[in-house]
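Quick look at start23.txt (compact mmCIF, C-alpha atoms and all ligand atoms):
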# COMPACT_ATOMS: atom_id res chain seq x y z
CA MET M 1 91.69 90.32 149.42
CA THR M 2 91.90 93.70 147.80
CA VAL M 3 89.15 94.41 145.28
CA LEU M 4 90.16 96.82 142.52
CA SER M 5 87.77 99.64 141.79
CA TRP M 6 86.13 99.38 138.33
CA PRO M 7 87.85 102.47 136.80
CA LEU M 8 91.25 101.27 138.06
CA ALA M 9 90.70 97.73 136.75
CA ALA M 10 89.51 99.12 133.42
CA SER M 11 92.53 101.37 133.02
CA ILE M 12 94.92 98.55 133.98
CA GLY M 13 93.18 96.34 131.40
CA ALA M 14 93.37 99.03 128.72
CA GLY M 15 97.03 99.66 129.56
CA ALA M 16 97.84 95.94 129.30
CA LEU M 17 96.04 95.72 125.96
CA GLY M 18 97.90 98.79 124.73
CA CYS M 19 101.27 97.31 125.78
CA LEU M 20 100.38 94.04 124.06
CA ALA M 21 99.45 95.87 120.84
CA VAL M 22 102.69 97.90 120.91
CA ALA M 23 104.76 94.76 121.60
CA LEU M 24 103.04 92.85 118.79
CA SER M 25 103.45 95.67 116.31
CA ALA M 26 107.14 96.11 117.25
CA ARG M 27 107.63 92.41 116.66
CA LEU M 28 105.86 92.61 113.30
CA TRP M 29 107.94 95.68 112.40
CA LEU M 30 111.23 93.99 113.18
CA LYS M 31 110.44 90.53 111.84
CA ARG M 32 108.29 91.21 108.81
CA ARG M 33 110.09 93.83 106.79
CA ARG M 34 109.11 94.33 103.18
CA ARG M 35 112.54 94.19 101.61
CA TYR M 36 112.82 95.00 97.94
CA GLU M 37 113.43 91.82 95.96
CA SER M 38 112.08 92.58 92.50
CA SER M 39 109.31 94.55 90.85
CA ALA M 40 107.09 91.58 91.81
CA SER M 41 107.74 92.20 95.52
CA VAL M 42 106.81 95.88 95.06
CA ALA M 43 103.62 94.86 93.23
CA ASP M 44 102.81 92.41 96.01
CA ALA M 45 103.35 95.05 98.73
CA TYR M 46 101.04 97.55 96.96
CA ASP M 47 98.45 94.86 96.20
CA ARG M 48 98.28 94.15 99.94
CA TRP M 49 98.22 97.84 100.91
CA THR M 50 95.33 98.29 98.44
CA ASN M 51 93.34 95.20 99.30
CA ASP M 52 93.42 95.75 103.08
CA GLN M 53 91.90 99.27 102.38
CA LEU M 54 93.72 100.80 105.33
CA LEU M 55 95.70 103.41 103.37
CA GLU M 56 92.70 104.50 101.34
CA ARG M 57 90.35 104.73 104.31
CA LEU M 58 92.88 106.76 106.27
CA TRP M 59 94.57 108.93 103.67
CA GLY M 60 92.12 108.98 100.78
CA ASP M 61 93.06 108.27 97.17
CA HIS M 62 96.54 109.87 97.19
CA ILE M 63 99.55 107.85 98.34
CA HIS M 64 101.92 110.80 98.57
CA LEU M 65 102.79 113.57 100.98
CA GLY M 66 100.79 116.74 101.40
CA PHE M 67 101.96 120.28 100.65
CA TYR M 68 101.62 122.72 103.56
CA ARG M 69 101.89 126.39 102.65
CA GLN M 70 104.18 128.37 104.96
CA SER M 71 102.83 131.40 106.81
CA GLY M 72 104.76 134.69 107.08
CA SER M 73 106.49 133.38 110.23
CA GLY M 74 107.81 130.38 108.31
CA ARG M 75 105.43 127.99 110.10
CA SER M 76 103.28 125.63 108.06
CA HIS M 77 99.58 126.44 107.96
CA HIS M 78 97.49 123.74 109.56
CA GLN M 79 95.57 121.92 106.87
CA ASP M 80 93.63 118.71 106.64
CA PHE M 81 95.99 115.95 105.41
CA ARG M 82 93.74 115.05 102.49
CA VAL M 83 93.39 118.68 101.44
CA ALA M 84 97.19 119.07 101.70
CA LYS M 85 97.60 116.13 99.30
CA GLU M 86 95.32 117.79 96.75
CA THR M 87 97.24 121.03 97.28
CA PHE M 88 100.42 119.09 96.48
CA VAL M 89 99.06 118.04 93.09
CA HIS M 90 98.08 121.63 92.21
CA GLU M 91 101.46 122.98 93.41
CA LEU M 92 103.40 120.45 91.31
CA ALA M 93 101.16 121.10 88.27
CA ARG M 94 101.82 124.85 88.64
CA TRP M 95 105.57 124.54 89.38
CA SER M 96 106.17 122.22 86.42
CA GLY M 97 103.93 124.15 84.00
CA LEU M 98 101.48 121.28 83.43
CA ASP M 99 98.69 123.67 84.40
CA GLN M 100 99.45 125.65 81.21
CA LEU M 101 99.10 122.70 78.81
CA PRO M 102 96.21 122.94 76.33
CA ARG M 103 93.16 120.89 77.33
CA GLY M 104 93.28 117.39 75.85
CA SER M 105 97.09 117.18 76.11
CA THR M 106 98.26 113.66 76.95
CA VAL M 107 99.92 112.90 80.28
CA LEU M 108 101.53 109.68 81.46
CA ASP M 109 101.41 109.24 85.27
CA VAL M 110 104.19 106.76 86.10
CA GLY M 111 103.50 104.92 89.38
CA CYS M 112 99.95 106.27 89.64
CA GLY M 113 98.79 104.58 92.86
CA ILE M 114 95.01 104.47 92.91
CA GLY M 115 94.74 107.44 90.60
CA GLY M 116 94.29 110.44 92.93
CA SER M 117 96.64 112.71 90.93
CA ALA M 118 95.46 111.43 87.54
CA ARG M 119 91.83 112.28 88.37
CA ILE M 120 92.76 115.83 89.45
CA LEU M 121 94.85 116.39 86.31
CA ALA M 122 91.93 115.20 84.17
CA ARG M 123 89.14 116.93 86.10
CA ASP M 124 90.74 120.30 86.90
CA TYR M 125 93.13 120.78 83.96
CA GLY M 126 91.27 118.91 81.19
CA LEU M 127 94.26 116.63 80.54
CA ASN M 128 94.01 113.20 78.99
CA VAL M 129 95.80 110.95 81.47
CA LEU M 130 97.07 107.39 81.37
CA GLY M 131 98.14 106.17 84.82
CA ILE M 132 100.35 103.11 85.11
CA SER M 133 101.37 101.06 88.14
CA ILE M 134 103.11 97.75 88.75
CA SER M 135 100.29 96.74 91.12
CA PRO M 136 97.22 95.09 89.50
CA ALA M 137 95.14 95.75 92.64
CA GLN M 138 95.91 99.48 92.43
CA ILE M 139 94.93 99.59 88.76
CA ALA M 140 91.63 97.82 89.48
CA ARG M 141 90.91 100.25 92.34
CA ALA M 142 91.98 103.31 90.31
CA THR M 143 89.62 102.26 87.53
CA ALA M 144 86.74 101.63 89.96
CA LEU M 145 87.20 105.07 91.58
CA THR M 146 87.17 106.95 88.26
CA PRO M 147 83.79 108.31 87.15
CA ALA M 148 82.70 107.52 83.60
CA GLY M 149 83.45 110.38 81.26
CA LEU M 150 86.61 111.55 83.02
CA SER M 151 89.55 111.55 80.60
CA CYS M 152 91.79 109.18 82.51
CA ARG M 153 92.41 105.47 82.33
CA PHE M 154 94.80 103.05 83.94
CA ALA M 155 96.98 100.07 83.03
CA VAL M 156 99.36 97.64 84.72
CA MET M 157 102.85 98.37 83.40
CA ASP M 158 106.45 98.38 84.57
CA ALA M 159 107.99 101.85 84.66
CA LEU M 160 111.30 100.33 83.59
CA ALA M 161 109.80 98.83 80.41
CA LEU M 162 106.99 101.19 79.39
CA GLU M 163 104.79 99.73 76.65
CA ILE M 164 104.44 103.17 75.13
CA ALA M 165 105.81 104.53 71.85
CA ASP M 166 108.80 106.87 71.76
CA ALA M 167 107.99 110.61 71.83
CA SER M 168 104.24 110.04 72.17
CA VAL M 169 103.05 111.98 75.26
CA ASP M 170 102.87 115.73 75.97
CA ALA M 171 103.85 115.38 79.64
CA VAL M 172 105.21 112.82 82.07
CA TRP M 173 104.24 113.01 85.77
CA SER M 174 105.74 110.71 88.40
CA VAL M 175 105.26 111.16 92.14
CA GLU M 176 107.17 109.18 94.77
CA ALA M 177 107.67 106.15 92.50
CA CYS M 178 111.45 106.48 92.00
CA PRO M 179 112.34 105.09 95.48
CA HIS M 180 111.07 101.69 94.27
CA MET M 181 113.22 101.68 91.11
CA PRO M 182 116.31 99.46 91.24
CA ASP M 183 117.76 101.16 88.16
CA LYS M 184 117.37 104.93 88.41
CA GLN M 185 119.07 105.56 85.03
CA ARG M 186 116.61 103.29 83.27
CA TYR M 187 113.70 104.99 85.04
CA ALA M 188 115.01 108.38 83.82
CA ASP M 189 115.54 106.98 80.31
CA GLU M 190 112.01 105.59 80.12
CA LEU M 191 110.37 108.80 81.36
CA LEU M 192 112.22 110.82 78.73
CA ARG M 193 111.93 108.29 75.90
CA VAL M 194 108.13 108.55 75.79
CA LEU M 195 108.11 112.35 76.13
CA LYS M 196 107.52 114.32 72.91
CA PRO M 197 109.95 117.06 71.90
CA GLY M 198 108.59 120.18 73.61
CA GLY M 199 106.94 118.00 76.29
CA LEU M 200 107.01 118.65 80.05
CA LEU M 201 108.41 116.55 82.88
CA ALA M 202 107.19 116.72 86.50
CA VAL M 203 108.78 114.37 89.04
CA ALA M 204 108.68 114.26 92.86
CA ASP M 205 110.97 111.94 94.74
CA TRP M 206 112.17 110.97 98.21
CA ASN M 207 115.90 111.61 98.04
CA ARG M 208 118.81 110.75 100.29
CA ARG M 209 121.45 113.35 101.17
CA ASP M 210 124.03 113.43 98.41
CA PRO M 211 127.17 111.56 99.55
CA ALA M 212 129.23 114.61 98.52
CA ASP M 213 127.38 116.59 101.23
CA GLY M 214 128.43 114.24 104.02
CA ALA M 215 128.72 110.51 104.58
CA MET M 216 126.15 108.81 106.81
CA ASP M 217 127.15 108.19 110.42
CA ARG M 218 126.34 104.94 112.20
CA ARG M 219 122.91 106.05 113.44
CA GLU M 220 121.96 107.36 110.00
CA ARG M 221 123.06 104.11 108.37
CA TRP M 222 120.77 102.17 110.74
CA VAL M 223 117.84 104.51 110.02
CA MET M 224 118.50 104.32 106.27
CA ARG M 225 118.39 100.53 106.39
CA GLN M 226 114.93 100.67 108.02
CA LEU M 227 113.67 103.21 105.45
CA LEU M 228 114.78 100.94 102.64
CA GLU M 229 113.77 97.59 104.06
CA GLN M 230 110.40 98.43 105.60
CA TRP M 231 108.73 99.76 102.45
CA ALA M 232 110.27 97.83 99.54
CA HIS M 233 112.80 100.45 98.47
CA PRO M 234 115.97 99.17 96.78
CA GLU M 235 117.76 102.54 97.07
CA PHE M 236 117.11 106.29 97.17
CA ALA M 237 118.75 108.65 94.67
CA SER M 238 120.03 112.02 95.84
CA ILE M 239 118.52 115.15 94.25
CA ARG M 240 121.74 115.77 92.31
CA GLY M 241 121.95 112.06 91.42
CA LEU M 242 118.49 111.90 89.83
CA GLN M 243 119.02 115.27 88.13
CA LYS M 244 122.20 113.83 86.56
CA HIS M 245 120.41 110.64 85.47
CA LEU M 246 117.79 112.77 83.74
CA GLU M 247 120.15 115.25 82.12
CA GLN M 248 122.67 112.61 81.02
CA SER M 249 120.02 110.29 79.62
CA GLN M 250 120.48 109.53 75.94
CA GLN M 251 116.77 110.38 75.64
CA ALA M 252 117.15 113.88 77.10
CA GLY M 253 118.21 115.61 73.88
CA GLY M 254 119.99 118.34 75.82
CA MET M 255 117.16 118.87 78.31
CA THR M 256 117.92 121.00 81.37
CA ILE M 257 116.40 119.74 84.61
CA GLU M 258 115.60 122.21 87.37
CA THR M 259 115.26 120.89 90.89
CA GLY M 260 113.61 122.09 94.07
CA ASP M 261 113.65 120.99 97.69
CA TRP M 262 110.13 120.76 99.14
CA THR M 263 111.19 119.13 102.41
CA SER M 264 109.83 121.82 104.71
CA ALA M 265 106.53 122.16 102.79
CA THR M 266 105.89 118.40 102.99
CA LEU M 267 107.38 117.63 106.44
CA PRO M 268 104.13 118.03 108.46
CA SER M 269 102.69 115.12 106.43
CA TRP M 270 104.46 112.47 108.48
CA ILE M 271 102.92 113.40 111.82
CA GLU M 272 99.63 114.25 110.12
CA SER M 273 99.54 110.76 108.61
CA ILE M 274 99.62 109.31 112.13
CA PHE M 275 97.06 111.82 113.47
CA GLU M 276 94.66 110.76 110.73
CA GLY M 277 94.26 107.49 112.65
CA VAL M 278 93.32 109.44 115.78
CA ARG M 279 91.01 111.84 113.91
CA ARG M 280 89.25 109.07 112.02
CA PRO M 281 89.43 106.11 114.42
CA GLY M 282 86.41 104.56 112.66
CA ALA M 283 88.50 104.23 109.49
CA ILE M 284 90.80 101.75 111.23
CA LEU M 285 88.50 100.20 113.83
CA GLY M 286 85.90 99.46 111.14
CA LEU M 287 88.40 97.14 109.46
CA GLY M 288 88.94 95.02 112.58
CA PRO M 289 91.88 94.22 114.91
CA ALA M 290 94.27 93.21 112.10
CA ALA M 291 94.01 96.75 110.67
CA VAL M 292 94.73 98.28 114.09
CA LEU M 293 97.91 96.19 114.33
CA GLN M 294 98.79 97.03 110.74
CA GLY M 295 98.38 100.74 111.50
CA LEU M 296 100.61 100.44 114.56
CA ARG M 297 103.07 98.41 112.55
CA GLU M 298 103.67 101.29 110.11
CA THR M 299 104.11 103.90 112.86
CA PRO M 300 107.85 103.38 113.61
CA THR M 301 108.74 103.71 109.91
CA ILE M 302 106.66 106.89 109.61
CA LEU M 303 108.44 108.37 112.65
CA LEU M 304 111.86 107.40 111.27
CA MET M 305 110.93 108.94 107.91
CA ARG M 306 109.99 112.15 109.72
CA TRP M 307 113.27 112.13 111.62
CA ALA M 308 115.26 111.51 108.43
CA PHE M 309 113.53 114.33 106.50
CA ALA M 310 113.78 116.71 109.49
CA THR M 311 117.51 116.13 110.03
CA GLY M 312 118.67 116.26 106.40
CA LEU M 313 119.34 112.55 105.91
CA MET M 314 116.43 112.64 103.42
CA GLN M 315 115.11 115.44 101.21
CA PHE M 316 111.93 115.84 99.20
CA GLY M 317 113.15 116.60 95.68
CA VAL M 318 111.10 117.94 92.77
CA PHE M 319 112.30 117.97 89.15
CA ARG M 320 110.98 119.80 86.12
CA GLY M 321 112.05 120.35 82.54
CA ARG M 322 110.91 120.83 78.97
CA LYS M 323 112.35 118.54 76.31
CA PRO M 324 113.93 120.68 73.59
CA SER M 325 111.76 120.85 70.49
CA GLN M 326 114.64 119.86 68.19
CA ALA M 327 115.48 116.69 70.17
C1 LIG V 1 104.26 105.90 96.95
S1 LIG V 1 103.27 105.27 95.67
C2 LIG V 1 102.83 106.76 94.86
C3 LIG V 1 101.54 106.58 94.12
C4 LIG V 1 101.02 107.80 93.36
N1 LIG V 1 102.04 108.42 92.55
C5 LIG V 1 100.39 108.80 94.26
O1 LIG V 1 101.00 109.85 94.35
O2 LIG V 1 99.33 108.54 94.84
C6 LIG V 1 104.44 104.52 94.54
C7 LIG V 1 103.83 104.00 93.26
O3 LIG V 1 104.86 103.53 92.39
C8 LIG V 1 104.41 102.33 91.81
N2 LIG V 1 105.57 101.56 91.33
C9 LIG V 1 106.60 101.07 92.02
N3 LIG V 1 107.44 100.38 91.23
C10 LIG V 1 106.92 100.46 89.98
C11 LIG V 1 107.32 99.97 88.70
N4 LIG V 1 108.46 99.27 88.54
N5 LIG V 1 106.54 100.22 87.65
C12 LIG V 1 105.39 100.93 87.78
N6 LIG V 1 104.96 101.41 88.96
C13 LIG V 1 105.72 101.18 90.04
C14 LIG V 1 103.65 101.65 92.92
O4 LIG V 1 102.84 100.61 92.42
C15 LIG V 1 102.88 102.83 93.45
O5 LIG V 1 101.73 103.06 92.68

Write out the structure in this file as structure tokens.
Amino acid sequence: MTVLSWPLAASIGAGALGCLAVALSARLWLKRRRRYESSASVADAYDRWTNDQLLERLWGDHIHLGFYRQSGSGRSHHQDFRVAKETFVHELARWSGLDQLPRGSTVLDVGCGIGGSARILARDYGLNVLGISISPAQIARATALTPAGLSCRFAVMDALALEIADASVDAVWSVEACPHMPDKQRYADELLRVLKPGGLLAVADWNRRDPADGAMDRRERWVMRQLLEQWAHPEFASIRGLQKHLEQSQQAGGMTIETGDWTSATLPSWIESIFEGVRRPGAILGLGPAAVLQGLRETPTILLMRWAFATGLMQFGVFRGRKPSQA
């Protein structure tokens, strides 16, 4: 009888466990998609992502991509993922002009997650922020994470039926919430309805390639289906599509919307989001085996997202505008 040496037996055992984990997570990925059904299914998905604590322990209190400044050679500077997320908030505040608003100006953060952006806007720019999300668990967590005295608060609300008066806020901020909206025109209408004349809009979105720039081939259609069905997205708008929804909204009052493409500045985020699990293994392992599987379960979607953004199937669009004062 051959007796295996201890290191060999241990590495065979670890390999078998690894294969089992990959097989299980692939099965979970294929069988348990989170298809968009209604705003309730989006709320349920975010309630789970909040309650299992995995996202927060790994990526901190921002559920959006990071911004990586390019060096002279066009390569992105290496930056901690969490720092890159904070950089993103400052870059969008600067690009959209929110950083120039007088202190105390009111901002509505539509689809606020657990409040990472809202707290920065309140703390660093002195803005008075209301963050809203469809997920009650996110709102409870956002409130718990916010120190007393900071001028931001949170409420459960549907972005497509904002319980906010017309023309009542100085700025509207919405980051990566649009992919969950089944009616992009209504989303645009609601953002602009609550904005005061003279108010500022800052939106960041995951956008699909505009159909006028090339139809999807078979492989792209398969990838697109995964991107939609794995993370509760009914549809992605293109950059031109969302720009049109905003400009043609009856609430726009002749507003001009400028767009930008931040794909290359945000692209490193996808791989960085996986590396966070390697850099901070305690964040996942501390939550037990279910969290490890859950982390593995998200990996194929993250890799497909990276592929889609790197090949032009997806683009990271940003949108800014000032509502005319005479609207
Ligand atoms: C990718 S997360 C972005 C969170 C946050 N903006 C951030 O940057 O950390 C998408 C957010 O949109 C919210 N959302 C999705 N559908 C919504 C709806 N119909 N009404 C309000 N919020 C919604 C989710 O609850 C979640 O907070």

Which residues of stretch 79-183 of chain M have any atom within 10 Å of an atom in stretch 193-201 of chain M when counting only C-alpha atoms, and what is the closest pair of atoms for each, with the distance in Å to one decimal? Order the rows by chain and rising number and write it as JSON lines.
{"residue": "M:Ser96", "atom": "CA", "partner": "M:Leu201", "partner_atom": "CA", "distance": 7.0}
{"residue": "M:Gly97", "atom": "CA", "partner": "M:Leu200", "partner_atom": "CA", "distance": 7.4}
{"residue": "M:Leu98", "atom": "CA", "partner": "M:Leu200", "partner_atom": "CA", "distance": 7.0}
{"residue": "M:Leu101", "atom": "CA", "partner": "M:Leu200", "partner_atom": "CA", "distance": 9.0}
{"residue": "M:Ser105", "atom": "CA", "partner": "M:Gly199", "partner_atom": "CA", "distance": 9.9}
{"residue": "M:Thr106", "atom": "CA", "partner": "M:Gly199", "partner_atom": "CA", "distance": 9.7}
{"residue": "M:Val107", "atom": "CA", "partner": "M:Leu200", "partner_atom": "CA", "distance": 9.1}
{"residue": "M:Leu108", "atom": "CA", "partner": "M:Val194", "partner_atom": "CA", "distance": 8.8}
{"residue": "M:Leu162", "atom": "CA", "partner": "M:Val194", "partner_atom": "CA", "distance": 8.3}
{"residue": "M:Glu163", "atom": "CA", "partner": "M:Val194", "partner_atom": "CA", "distance": 9.5}
{"residue": "M:Ile164", "atom": "CA", "partner": "M:Val194", "partner_atom": "CA", "distance": 6.6}
{"residue": "M:Ala165", "atom": "CA", "partner": "M:Val194", "partner_atom": "CA", "distance": 6.1}
{"residue": "M:Asp166", "atom": "CA", "partner": "M:Val194", "partner_atom": "CA", "distance": 4.4}
{"residue": "M:Ala167", "atom": "CA", "partner": "M:Lys196", "partner_atom": "CA", "distance": 3.9}
{"residue": "M:Ser168", "atom": "CA", "partner": "M:Lys196", "partner_atom": "CA", "distance": 5.4}
{"residue": "M:Val169", "atom": "CA", "partner": "M:Leu195", "partner_atom": "CA", "distance": 5.1}
{"residue": "M:Asp170", "atom": "CA", "partner": "M:Gly199", "partner_atom": "CA", "distance": 4.7}
{"residue": "M:Ala171", "atom": "CA", "partner": "M:Leu200", "partner_atom": "CA", "distance": 4.6}
{"residue": "M:Val172", "atom": "CA", "partner": "M:Leu201", "partner_atom": "CA", "distance": 5.0}
{"residue": "M:Trp173", "atom": "CA", "partner": "M:Leu201", "partner_atom": "CA", "distance": 6.2}
{"residue": "M:Ser174", "atom": "CA", "partner": "M:Leu201", "partner_atom": "CA", "distance": 8.5}

Can you build me a table of chain M residues sitting at most 9 Å from ligand LIG 1 (chain V), with the closest atom pair per residue and its distance in Å to one decimal, using all atoms listed in the file, sorted by chain and residue number, as a tab-separated table?
residue	atom	partner	partner_atom	distance
M:Ser38	CA	V:LIG1	N4	8.6
M:Ser39	CA	V:LIG1	N4	5.3
M:Ala40	CA	V:LIG1	N4	8.5
M:Val42	CA	V:LIG1	N3	5.9
M:Ala43	CA	V:LIG1	O4	5.9
M:Asp44	CA	V:LIG1	O4	9.0
M:Ala45	CA	V:LIG1	O4	8.4
M:Tyr46	CA	V:LIG1	O4	5.8
M:Asp47	CA	V:LIG1	O4	8.2
M:Asp61	CA	V:LIG1	O2	6.7
M:His62	CA	V:LIG1	O2	3.9
M:Ile63	CA	V:LIG1	O2	3.6
M:His64	CA	V:LIG1	O1	4.4
M:Leu65	CA	V:LIG1	O1	7.8
M:Lys85	CA	V:LIG1	O1	8.7
M:Val89	CA	V:LIG1	O1	8.5
M:Asp109	CA	V:LIG1	N1	7.4
M:Val110	CA	V:LIG1	N6	6.1
M:Gly111	CA	V:LIG1	O3	3.6
M:Cys112	CA	V:LIG1	C4	4.2
M:Gly113	CA	V:LIG1	O5	3.3
M:Ile114	CA	V:LIG1	O2	6.2
M:Gly115	CA	V:LIG1	O2	6.3
M:Gly116	CA	V:LIG1	O2	5.7
M:Ser117	CA	V:LIG1	O1	6.2
M:Ala118	CA	V:LIG1	C5	8.7
M:Gly131	CA	V:LIG1	N1	8.9
M:Ile132	CA	V:LIG1	C12	6.1
M:Ser133	CA	V:LIG1	N6	3.7
M:Ile134	CA	V:LIG1	C12	4.0
M:Ser135	CA	V:LIG1	O4	4.8
M:Pro136	CA	V:LIG1	O4	8.4
M:Gln138	CA	V:LIG1	O5	6.8
M:Ile139	CA	V:LIG1	O5	8.6
M:Val156	CA	V:LIG1	C12	7.5
M:Met157	CA	V:LIG1	C12	5.7
M:Asp158	CA	V:LIG1	N5	3.6
M:Ala159	CA	V:LIG1	N5	3.7
M:Leu160	CA	V:LIG1	N4	5.8
M:Ala161	CA	V:LIG1	N5	8.1
M:Leu162	CA	V:LIG1	N5	8.3
M:Trp173	CA	V:LIG1	N1	8.5
M:Ser174	CA	V:LIG1	N1	6.0
M:Val175	CA	V:LIG1	N1	4.2
M:Glu176	CA	V:LIG1	C1	4.9
M:Ala177	CA	V:LIG1	O3	3.8
M:Cys178	CA	V:LIG1	O3	7.2
M:Pro179	CA	V:LIG1	C9	7.8
M:His180	CA	V:LIG1	N3	4.9
M:Met181	CA	V:LIG1	N4	5.9
M:Pro182	CA	V:LIG1	N4	8.3
M:Tyr187	CA	V:LIG1	N4	8.5
M:Ala204	CA	V:LIG1	N1	8.8
M:Ala232	CA	V:LIG1	C9	9.0
M:His233	CA	V:LIG1	C9	9.0

Quick one: contact table of stretch 35-61 of chain M to stretch 291-311 of chain M, 10 Å max, nearest atom pair and distance in Å to one decimal per residue, counting all atoms listed in the file, chain and number order, as JSON lines?
{"residue": "M:Trp49", "atom": "CA", "partner": "M:Gln294", "partner_atom": "CA", "distance": 9.9}
{"residue": "M:Asp52", "atom": "CA", "partner": "M:Ala291", "partner_atom": "CA", "distance": 7.7}
{"residue": "M:Gln53", "atom": "CA", "partner": "M:Ala291", "partner_atom": "CA", "distance": 8.9}
{"residue": "M:Leu54", "atom": "CA", "partner": "M:Ala291", "partner_atom": "CA", "distance": 6.7}
{"residue": "M:Leu55", "atom": "CA", "partner": "M:Gly295", "partner_atom": "CA", "distance": 9.0}
{"residue": "M:Leu58", "atom": "CA", "partner": "M:Gly295", "partner_atom": "CA", "distance": 9.7}

For atom CA of M:Gln250 and atom CA of M:Asp189, the interatomic separation in Å (one decimal)
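Atom CA of M:Asp189 lies at a distance of 7.1 Å from atom CA of M:Gln250.
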
Neighbour list for M:His78 as a short mmCIF file (atom, residue, chain, number, x, y, z; two decimals) with C-alpha atoms, in the coordinates of the input, cut-off 10 Å, only C-alpha atoms, skip fewer than 3 positions in-chain:
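Dumped everything to result34.cif:
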data_model
loop_
_atom_site.label_atom_id
_atom_site.label_comp_id
_atom_site.auth_asym_id
_atom_site.auth_seq_id
_atom_site.Cartn_x
_atom_site.Cartn_y
_atom_site.Cartn_z
CA TYR M 68 101.62 122.72 103.56
CA ARG M 69 101.89 126.39 102.65
CA GLN M 70 104.18 128.37 104.96
CA SER M 71 102.83 131.40 106.81
CA ARG M 75 105.43 127.99 110.10
CA PHE M 81 95.99 115.95 105.41
CA ALA M 84 97.19 119.07 101.70
CA PRO M 268 104.13 118.03 108.46
CA GLU M 272 99.63 114.25 110.12
#

Could you tell me how far atom CA of M:Phe316 sits from atom CA of M:Asp261, in Å to one decimal place?
5.6 Å

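Considering only C-alpha atoms, the residue among M:Val129, M:Arg221, M:Thr87, M:Glu56 positioned nearest to M:Leu145 is M:Glu56.
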